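J.: Just input_13.txt, nothing more (compact mmCIF, C-alpha atoms and all ligand atoms):
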```txt
# COMPACT_ATOMS: atom_id res chain seq x y z
CA MET A 137 78.32 185.11 38.08
CA CYS A 138 76.94 181.87 39.36
CA ASN A 139 73.99 181.99 41.73
CA GLN A 140 76.00 180.57 44.62
CA ILE A 141 78.54 183.44 44.51
CA SER A 142 75.94 186.19 44.10
CA ASP A 143 73.95 184.73 47.02
CA ARG A 144 77.12 184.81 49.13
CA ILE A 145 77.85 188.45 48.19
CA GLN A 146 74.29 189.44 49.09
CA LEU A 147 74.65 187.68 52.43
CA ILE A 148 77.90 189.55 53.24
CA GLN A 149 76.40 192.89 52.16
CA ALA A 150 73.38 192.27 54.39
CA ARG A 151 75.56 191.95 57.52
CA PRO A 152 75.43 194.92 59.91
CA LEU A 153 78.57 197.13 59.63
CA VAL A 154 78.97 197.18 63.42
CA PRO A 155 78.67 193.64 64.77
CA THR A 156 76.70 193.19 67.95
CA VAL A 157 79.12 192.94 70.87
CA LYS A 158 78.13 190.30 73.38
CA GLU A 159 79.80 190.64 76.75
CA ARG A 160 82.03 187.65 77.29
CA THR A 161 81.34 185.86 80.53
CA VAL A 162 83.32 183.38 82.60
CA GLU A 163 80.99 180.63 81.31
CA ASP A 164 82.41 181.27 77.81
CA ILE A 165 85.95 180.24 78.77
CA GLY A 166 85.05 176.55 79.05
CA GLU A 167 85.90 173.95 81.66
CA ILE A 168 89.70 174.24 81.48
CA GLY A 169 89.50 178.04 81.60
CA ASN A 170 87.29 177.82 84.67
CA ILE A 171 89.70 175.38 86.35
CA LEU A 172 92.52 177.87 85.73
CA ILE A 173 90.60 180.77 87.30
CA LYS A 174 89.41 178.62 90.22
CA GLN A 175 92.99 177.60 91.09
CA LEU A 176 94.38 181.13 90.72
CA VAL A 177 91.60 182.62 92.87
CA ALA A 178 91.97 179.91 95.55
CA GLN A 179 95.68 180.66 95.79
CA ASP A 180 95.12 184.40 95.83
CA ASP A 181 92.53 184.05 98.62
CA LYS A 182 95.26 182.64 100.90
CA ARG A 183 97.47 185.72 100.59
CA PRO A 184 97.53 187.96 103.68
CA ARG A 185 97.06 191.03 101.46
CA THR A 186 93.85 189.54 100.02
CA GLN A 187 92.58 188.77 103.52
CA GLN A 188 93.33 192.30 104.74
CA THR A 189 89.99 193.94 105.52
CA THR A 190 91.28 197.32 106.69
CA LEU A 191 91.52 200.19 104.23
CA GLY A 192 94.83 200.15 102.34
CA VAL A 193 96.78 203.25 101.33
CA SER A 194 96.02 202.47 97.68
CA SER A 195 92.33 203.22 98.33
CA LEU A 196 92.93 206.83 99.38
CA GLY A 197 91.42 209.09 96.73
CA GLY A 198 89.37 206.26 95.23
CA CYS A 199 85.62 205.75 95.59
CA ARG A 200 84.55 207.37 98.90
CA ARG A 201 81.57 205.06 99.18
CA GLN A 202 83.80 201.97 98.86
CA ALA A 203 86.24 203.35 101.45
CA TRP A 204 83.29 204.08 103.78
CA HIS A 205 81.99 200.48 103.56
CA THR A 206 85.52 199.11 104.07
CA ILE A 207 86.14 201.26 107.17
CA ARG A 208 82.83 200.06 108.67
CA GLY A 209 83.77 196.43 108.02
CA ASP A 210 80.71 195.84 105.84
CA VAL A 211 80.34 192.40 104.33
CA ALA A 212 81.38 191.72 100.74
CA GLU A 213 78.36 190.74 98.64
CA ASN A 214 79.51 190.64 95.03
CA ASN A 215 80.36 187.07 93.97
CA ASN A 216 81.08 188.01 90.36
CA LEU A 217 84.33 189.91 90.79
CA LEU A 218 86.88 189.67 87.99
CA ARG A 219 90.18 188.84 89.68
CA LEU A 220 92.63 187.97 86.89
CA ALA A 221 94.11 191.46 86.38
CA SER A 222 94.88 191.79 90.06
CA ILE A 223 96.30 188.24 90.25
CA MET A 224 98.56 188.96 87.25
CA GLY A 225 99.61 192.20 88.97
CA THR A 226 100.59 190.23 92.08
CA ALA A 227 102.61 187.76 89.99
CA ILE A 228 104.49 190.60 88.29
CA HIS A 229 105.18 192.23 91.68
CA LYS A 230 106.61 188.92 92.91
CA ALA A 231 108.88 188.60 89.86
CA ILE A 232 110.17 192.14 90.42
CA GLU A 233 110.65 191.58 94.15
CA ASP A 234 112.71 188.43 93.46
CA ALA A 235 114.87 190.34 90.97
CA PHE A 236 116.09 192.94 93.49
CA PRO A 237 118.84 191.78 95.88
CA PHE A 238 118.52 192.30 99.63
CA GLY A 239 120.85 194.77 101.32
CA GLU A 240 121.03 197.43 98.66
CA TYR A 241 117.24 197.51 98.43
CA GLU A 242 114.46 197.24 101.00
CA LYS A 243 111.49 195.39 99.54
CA GLU A 244 107.86 194.84 100.47
CA ILE A 245 108.11 196.89 103.67
CA ARG A 246 105.04 196.76 105.89
CA VAL A 247 104.73 200.06 107.77
CA GLU A 248 102.31 200.47 110.67
CA VAL A 249 102.14 203.89 112.34
CA ASP A 250 99.57 204.72 115.05
CA ASN A 251 96.09 204.49 113.55
CA LEU A 252 97.15 205.45 110.04
CA PRO A 253 96.40 203.04 107.17
CA ILE A 254 98.97 200.24 106.89
CA GLY A 255 101.54 200.80 104.14
CA ASN A 256 102.91 197.95 102.03
CA VAL A 257 105.78 199.67 100.27
CA ASP A 258 107.09 197.92 97.14
CA LEU A 259 110.62 199.32 97.27
CA TYR A 260 112.76 201.75 99.27
CA ILE A 261 116.24 202.56 97.96
CA PRO A 262 118.23 203.85 100.95
CA HIS A 263 121.15 205.38 99.04
CA LEU A 264 118.74 207.37 96.83
CA LYS A 265 116.24 208.04 99.65
CA ALA A 266 113.65 206.96 97.11
CA VAL A 267 110.29 205.21 97.43
CA VAL A 268 109.11 203.21 94.42
CA ASP A 269 105.71 201.72 93.67
CA TRP A 270 105.13 199.35 90.74
CA LYS A 271 101.81 199.73 88.93
CA THR A 272 100.71 197.02 86.54
CA THR A 273 98.30 198.36 83.96
CA VAL A 274 97.36 198.17 80.28
CA VAL A 275 98.57 200.44 77.48
CA ARG A 276 95.21 202.18 76.99
CA ASN A 277 95.32 203.39 80.63
CA LEU A 278 98.78 204.96 80.36
CA VAL A 279 97.25 208.29 79.27
CA LYS A 280 95.76 208.64 82.76
CA PHE A 281 99.04 207.78 84.50
CA PRO A 282 99.75 208.91 87.15
CA THR A 283 96.34 209.50 88.72
CA THR A 284 95.92 211.59 91.85
CA GLN A 285 95.07 208.36 93.70
CA GLN A 286 98.40 206.81 92.65
CA ARG A 287 100.35 209.97 93.60
CA TRP A 288 98.61 210.08 96.99
CA GLN A 289 99.48 206.44 97.59
CA VAL A 290 103.20 206.80 97.01
CA GLN A 291 103.38 210.13 98.86
CA VAL A 292 101.67 208.51 101.89
CA TYR A 293 104.22 205.70 101.70
CA GLY A 294 106.89 208.39 101.89
CA TYR A 295 105.14 209.93 104.89
CA LEU A 296 104.86 206.58 106.71
CA LEU A 297 108.53 205.76 106.07
CA GLU A 298 109.58 209.20 107.35
CA ARG A 299 107.52 208.54 110.48
CA VAL A 300 109.53 205.36 111.15
CA GLY A 301 112.85 207.15 110.65
CA LYS A 302 113.68 206.57 106.98
CA ARG A 303 114.61 209.65 104.95
CA VAL A 304 112.62 210.13 101.75
CA GLU A 305 113.53 212.65 99.04
CA THR A 306 111.67 211.33 95.99
CA VAL A 307 108.68 209.14 95.27
CA THR A 308 108.37 207.20 92.01
CA LEU A 309 105.57 205.37 90.24
CA VAL A 310 106.44 202.90 87.50
CA ALA A 311 103.62 201.83 85.16
CA ILE A 312 104.21 198.39 83.63
CA PRO A 313 101.67 197.45 80.94
CA ARG A 314 100.70 193.77 80.93
CA ASP A 315 99.92 193.95 77.22
CA SER A 316 103.16 195.44 75.89
CA ASP A 317 106.94 195.35 76.28
CA GLU A 318 109.80 197.36 77.83
CA ARG A 319 109.26 200.29 75.48
CA SER A 320 105.86 201.08 77.01
CA ILE A 321 107.01 201.37 80.64
CA LYS A 322 106.24 204.84 82.01
CA VAL A 323 108.04 206.33 85.03
CA HIS A 324 106.84 209.27 87.09
CA THR A 325 109.10 210.76 89.79
CA GLU A 326 108.33 213.74 92.00
CA PRO A 327 109.86 215.18 95.19
CA TYR A 328 108.48 213.81 98.44
CA ASP A 329 105.94 216.35 99.69
CA GLU A 330 104.43 215.90 103.14
CA SER A 331 101.55 218.26 102.29
CA VAL A 332 100.34 215.89 99.54
CA ALA A 333 100.36 212.97 102.00
CA LEU A 334 98.44 215.04 104.56
CA GLU A 335 95.88 215.95 101.88
CA ALA A 336 95.32 212.21 101.27
CA LEU A 337 94.98 211.53 105.01
CA ALA A 338 92.51 214.44 105.34
CA TRP A 339 90.41 212.76 102.60
CA LEU A 340 90.38 209.62 104.76
CA ASP A 341 89.39 211.57 107.90
CA ASP A 342 86.49 213.10 106.00
CA VAL A 343 85.23 209.63 104.95
CA LYS A 344 85.64 208.27 108.49
CA GLN A 345 83.53 211.05 109.97
CA ARG A 346 80.54 210.48 107.71
CA THR A 347 77.52 208.91 109.35
CA GLU A 348 75.65 208.51 106.05
CA PRO A 349 77.07 206.61 103.04
CA PRO A 350 78.73 208.90 100.48
CA ALA A 351 77.21 208.95 97.00
CA PRO A 352 78.42 206.26 94.57
CA GLU A 353 81.40 207.44 92.52
CA ARG A 354 81.91 204.71 89.92
CA PRO A 355 79.79 203.52 86.95
CA VAL A 356 77.87 200.25 87.19
CA ASN A 357 80.01 198.65 84.48
CA PHE A 358 83.06 199.05 86.70
CA CYS A 359 81.30 198.25 90.00
CA LYS A 360 79.75 194.96 88.94
CA HIS A 361 83.18 193.55 88.02
CA TYR A 362 85.49 195.18 90.54
CA CYS A 363 83.69 196.23 93.74
CA LYS A 364 82.86 193.74 96.47
CA PHE A 365 80.10 196.02 97.83
CA TYR A 366 78.18 196.17 94.55
CA GLY A 367 74.65 194.90 95.04
CA ILE A 368 72.20 195.80 97.79
CA GLN A 369 74.71 198.02 99.60
CA CYS A 370 75.58 200.10 96.55
CA GLY A 371 74.36 200.02 92.96
CA GLY A 372 77.04 202.30 91.48
CA ILE A 373 76.21 205.10 89.04
CA GLU A 374 73.63 204.07 86.42
S1 LIG B 401 79.65 199.72 93.96
FE1 LIG B 401 80.83 201.27 92.80
S2 LIG B 401 80.12 203.24 93.53
FE2 LIG B 401 79.47 201.68 95.00
S3 LIG B 401 81.07 201.58 96.53
FE3 LIG B 401 81.59 200.09 94.99
S4 LIG B 401 82.94 201.17 93.55
FE4 LIG B 401 81.88 202.71 94.78
```
Output the structure of this file as structure tokens.
Ligand code: SF4
T.:
Amino acid sequence: MCNQISDRIQLIQARPLVPTVKERTVEDIGEIGNILIKQLVAQDDKRPRTQQTTLGVSSLGGCRRQAWHTIRGDVAENNNLLRLASIMGTAIHKAIEDAFPFGEYEKEIRVEVDNLPIGNVDLYIPHLKAVVDWKTTVVRNLVKFPTTQQRWQVQVYGYLLERVGKRVETVTLVAIPRDSDERSIKVHTEPYDESVALEALAWLDDVKQRTEPPAPERPVNFCKHYCKFYGIQCGGIE
């Protein structure tokens, strides 16, 4: 074997079996990648839903500390949020909304009842008395679907719609993975149950009544990318 080949083999054998994983940062995506993200974020910032500062129904059952800061109107301090997944989710929601005809379906219904959290219901099907919420996700998260937080959200939508006079018999969550195809869609349907919605609203009342911040409930690795209060106000779980 010539020296060159044996040197090469020795070099390959000397490599660590598990390569060091360097966290990819936004700087690594280059100028064009950064232009793409800048434009998408600027557009997303103009959406009324992005500008909404009140607690949304989707936050019920999430991190209590985050809900507590939101209810108090505390200032966002994390400038390193990763937004692409949520922006892609919005784009998929828009494509679905456009695909359903008016009349037979009621889409993107904003429901405001007393001082309850505002509901933005993806779909209500009057002839089925069904509420539907689309959830964009990734395949590896399907094992956790549906979470209690997701079930609370759609049950509260049912509760809000009942309060404004629409009959609800079932609530449905549809998980749509961004990294797969039709075969990976997962659908969860359950009967509308007012007691589940009231459980979610009791969770919110508990958070509202706290005078001290609740303990952090999410790990730092999640917080630093996805929570606007990460920083001085809350450091997440180390
Ligand atoms: S930083 Fe993490 S633990 Fe703290 S409020 Fe945000 S999500 Fe919750």
J.: Could you list, as a ChimeraX atom specification, all residues that come within 9 Å of ligand LIG 401 (chain B)? Count only C-alpha atoms and all ligand atoms.
T.: /A:198-205,350-360,362-367,369-373
J.: What's around range 219-228 of chain A at 12 Å? Count only C-alpha atoms, leave out sequence neighbours fewer than 2 positions away in its own chain, and write the answer as a short mmCIF file (atom, residue, chain, number, x, y, z; two decimals) with C-alpha atoms, in the coordinates of the input.
T.:
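The result, stored in selection_38.cif:
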```
data_model
loop_
_atom_site.label_atom_id
_atom_site.label_comp_id
_atom_site.auth_asym_id
_atom_site.auth_seq_id
_atom_site.Cartn_x
_atom_site.Cartn_y
_atom_site.Cartn_z
CA VAL A 162 83.32 183.38 82.60
CA GLY A 169 89.50 178.04 81.60
CA ASN A 170 87.29 177.82 84.67
CA LEU A 172 92.52 177.87 85.73
CA ILE A 173 90.60 180.77 87.30
CA LYS A 174 89.41 178.62 90.22
CA GLN A 175 92.99 177.60 91.09
CA LEU A 176 94.38 181.13 90.72
CA VAL A 177 91.60 182.62 92.87
CA ALA A 178 91.97 179.91 95.55
CA GLN A 179 95.68 180.66 95.79
CA ASP A 180 95.12 184.40 95.83
CA ASP A 181 92.53 184.05 98.62
CA ARG A 183 97.47 185.72 100.59
CA ARG A 185 97.06 191.03 101.46
CA THR A 186 93.85 189.54 100.02
CA ASN A 215 80.36 187.07 93.97
CA ASN A 216 81.08 188.01 90.36
CA LEU A 217 84.33 189.91 90.79
CA LYS A 230 106.61 188.92 92.91
CA ALA A 231 108.88 188.60 89.86
CA ILE A 232 110.17 192.14 90.42
CA GLU A 233 110.65 191.58 94.15
CA ASP A 234 112.71 188.43 93.46
CA ALA A 235 114.87 190.34 90.97
CA ASP A 258 107.09 197.92 97.14
CA TRP A 270 105.13 199.35 90.74
CA LYS A 271 101.81 199.73 88.93
CA THR A 272 100.71 197.02 86.54
CA THR A 273 98.30 198.36 83.96
CA VAL A 274 97.36 198.17 80.28
CA ALA A 311 103.62 201.83 85.16
CA ILE A 312 104.21 198.39 83.63
CA PRO A 313 101.67 197.45 80.94
CA ARG A 314 100.70 193.77 80.93
CA ASP A 315 99.92 193.95 77.22
CA HIS A 361 83.18 193.55 88.02
CA TYR A 362 85.49 195.18 90.54
CA CYS A 363 83.69 196.23 93.74
CA LYS A 364 82.86 193.74 96.47
#
```
J.: Need the axis-aligned box for range 303-317 of chain A with 4 Å each side, so what are the centre and edges in Å to one decimal, as AutoDock Vina command-line options?
T.:
```
--center_x 107.3 --center_y 203.2 --center_z 90.4 --size_x 22.7 --size_y 26.9 --size_z 37.1
```
J.: Which polymer residues have any atom within 7 Å of an atom of range 325-328 of chain A, counting only C-alpha atoms, with same-chain residues fewer than 3 positions away left out, as a list in words?
T.: Gln291, Gly294, Val304, Glu305, Thr306, Val307, Thr308 and Leu309 of chain A
J.: Between A:Ala338, A:Val343, A:Ile321, A:Pro349, which one has atoms that come closest to Asn277 in chain A, using all atoms listed in the file?
T.: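 Closest to Asn277 in chain A, using all atoms listed in the file: A:Ile321.
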J.: Do you have the CA of Arg319 in chain A-CA of Pro282 in chain A distance handy?
T.: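 CA of Pro282 in chain A lies 17.3 Å from CA of Arg319 in chain A.
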J.: Between A:Lys182, A:Arg246, A:Lys302, A:Arg287, which is the closest to Ala266 in chain A once you count all atoms listed in the file?
T.: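 Looking only at the distances to Ala266 in chain A, the closest residue turns out to be A:Lys302.
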J.: Counting all atoms listed in the file, which of A:Val193, A:Leu337, A:Leu259, A:Val292 gets nearest to Pro237 in chain A?
T.: A:Leu259
J.: CA of Leu252 in chain A and CA of Ile368 in chain A, how far apart in Å?
T.: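 It comes out at 29.4 Å.
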J.: Could you jot down the CA of Ile168 in chain A to CA of Pro184 in chain A separation for me, Å, one decimal place?
T.: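 We find that CA of Ile168 in chain A and CA of Pro184 in chain A lie 27.2 Å from each other.
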J.: With only C-alpha atoms as the atoms that count, which of A:Tyr295, A:Asp317, A:Gln289, A:Val310 lies nearest to Ser331 in chain A?
T.: A:Tyr295
J.: With all atoms listed in the file as the atoms that count, which of A:His229, A:Arg160, A:Arg208, A:Lys265 lies nearest to Leu297 in chain A?
T.: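 Looking at the shortest contact to Leu297 in chain A, the residue is A:Lys265.
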J.: Which residues are close to Gly209 in chain A, i.e. within 8 Å by all atoms listed in the file, leaving aside same-chain residues fewer than 2 positions away? Reply as a ChimeraX atom specification.
T.: /A:189-190,205-207,211
J.: Nearest to Glu298 in chain A among A:Ile171, A:Glu348, A:Val268, A:Val247, with distances taken over all atoms listed in the file: which residue is it?
T.: A:Val247
J.: Would you please take range 235-268 of chain A of the structure in the block above and write N, CA and C atoms to a file as a CSV table (one decimal), in the first residue's frame?
T.:
```csv
chain,number,residue,atom,x,y,z
A,235,ALA,N,-58.4,27.4,0.8
A,235,ALA,CA,-59.0,26.2,0.1
A,235,ALA,C,-60.4,25.8,0.5
A,236,PHE,N,-60.9,26.4,1.6
A,236,PHE,CA,-62.2,26.1,2.1
A,236,PHE,C,-63.2,27.2,1.6
A,237,PRO,N,-64.3,26.8,0.9
A,237,PRO,CA,-65.2,27.8,0.4
A,237,PRO,C,-66.0,28.4,1.6
A,238,PHE,N,-66.4,29.7,1.4
A,238,PHE,CA,-67.3,30.4,2.3
A,238,PHE,C,-68.7,29.7,2.3
A,239,GLY,N,-69.5,30.0,3.3
A,239,GLY,CA,-70.9,29.5,3.2
A,239,GLY,C,-71.0,28.2,4.0
A,240,GLU,N,-70.4,27.1,3.4
A,240,GLU,CA,-70.4,25.8,4.0
A,240,GLU,C,-69.6,25.8,5.3
A,241,TYR,N,-68.5,26.6,5.2
A,241,TYR,CA,-67.5,26.6,6.3
A,241,TYR,C,-67.4,28.0,6.9
A,242,GLU,N,-67.2,28.1,8.2
A,242,GLU,CA,-66.9,29.4,8.8
A,242,GLU,C,-65.4,29.4,9.2
A,243,LYS,N,-64.6,30.3,8.7
A,243,LYS,CA,-63.2,30.3,8.8
A,243,LYS,C,-62.6,31.5,9.6
A,244,GLU,N,-61.5,31.2,10.3
A,244,GLU,CA,-60.8,32.3,11.0
A,244,GLU,C,-61.8,33.2,11.8
A,245,ILE,N,-62.5,32.5,12.7
A,245,ILE,CA,-63.6,33.3,13.4
A,245,ILE,C,-62.9,33.9,14.7
A,246,ARG,N,-63.0,35.2,14.8
A,246,ARG,CA,-62.5,35.8,16.1
A,246,ARG,C,-63.6,35.9,17.1
A,247,VAL,N,-63.5,35.3,18.2
A,247,VAL,CA,-64.5,35.3,19.2
A,247,VAL,C,-64.1,36.0,20.5
A,248,GLU,N,-64.8,37.1,20.8
A,248,GLU,CA,-64.5,37.8,22.1
A,248,GLU,C,-65.7,37.7,23.0
A,249,VAL,N,-65.5,37.2,24.2
A,249,VAL,CA,-66.6,37.0,25.2
A,249,VAL,C,-66.1,37.5,26.5
A,250,ASP,N,-66.9,38.5,27.0
A,250,ASP,CA,-66.5,39.2,28.3
A,250,ASP,C,-65.0,39.4,28.4
A,251,ASN,N,-64.5,38.9,29.6
A,251,ASN,CA,-63.0,39.1,29.8
A,251,ASN,C,-62.3,37.8,29.6
A,252,LEU,N,-62.9,36.9,28.8
A,252,LEU,CA,-62.2,35.6,28.5
A,252,LEU,C,-61.1,35.9,27.4
A,253,PRO,N,-60.1,35.0,27.3
A,253,PRO,CA,-59.1,35.2,26.2
A,253,PRO,C,-59.8,35.2,24.9
A,254,ILE,N,-59.2,36.0,24.0
A,254,ILE,CA,-59.8,36.0,22.6
A,254,ILE,C,-59.5,34.7,21.8
A,255,GLY,N,-60.6,34.2,21.2
A,255,GLY,CA,-60.4,33.0,20.4
A,255,GLY,C,-60.2,33.3,18.9
A,256,ASN,N,-59.3,32.7,18.3
A,256,ASN,CA,-59.2,32.8,16.8
A,256,ASN,C,-59.3,31.4,16.3
A,257,VAL,N,-60.6,31.1,15.9
A,257,VAL,CA,-60.9,29.7,15.6
A,257,VAL,C,-60.6,29.4,14.1
A,258,ASP,N,-59.8,28.4,13.8
A,258,ASP,CA,-59.5,28.1,12.4
A,258,ASP,C,-60.7,27.8,11.6
A,259,LEU,N,-61.5,26.9,12.1
A,259,LEU,CA,-62.7,26.4,11.3
A,259,LEU,C,-63.8,25.9,12.2
A,260,TYR,N,-65.0,26.3,11.8
A,260,TYR,CA,-66.2,25.8,12.4
A,260,TYR,C,-67.1,25.3,11.2
A,261,ILE,N,-67.5,24.0,11.4
A,261,ILE,CA,-68.4,23.4,10.3
A,261,ILE,C,-69.8,23.3,10.9
A,262,PRO,N,-70.7,24.2,10.5
A,262,PRO,CA,-72.0,24.3,11.1
A,262,PRO,C,-72.8,23.0,11.0
A,263,HIS,N,-72.8,22.3,9.8
A,263,HIS,CA,-73.6,21.2,9.6
A,263,HIS,C,-73.1,20.0,10.4
A,264,LEU,N,-71.9,20.0,10.9
A,264,LEU,CA,-71.3,18.9,11.7
A,264,LEU,C,-71.2,19.4,13.2
A,265,LYS,N,-71.5,20.7,13.4
A,265,LYS,CA,-71.3,21.3,14.7
A,265,LYS,C,-69.9,20.9,15.3
A,266,ALA,N,-68.9,21.1,14.4
A,266,ALA,CA,-67.6,20.7,14.7
A,266,ALA,C,-66.6,21.9,14.7
A,267,VAL,N,-65.7,22.0,15.6
A,267,VAL,CA,-64.6,23.0,15.7
A,267,VAL,C,-63.3,22.3,15.2
A,268,VAL,N,-62.6,22.9,14.4
A,268,VAL,CA,-61.3,22.3,13.9
A,268,VAL,C,-60.2,23.3,14.1
```
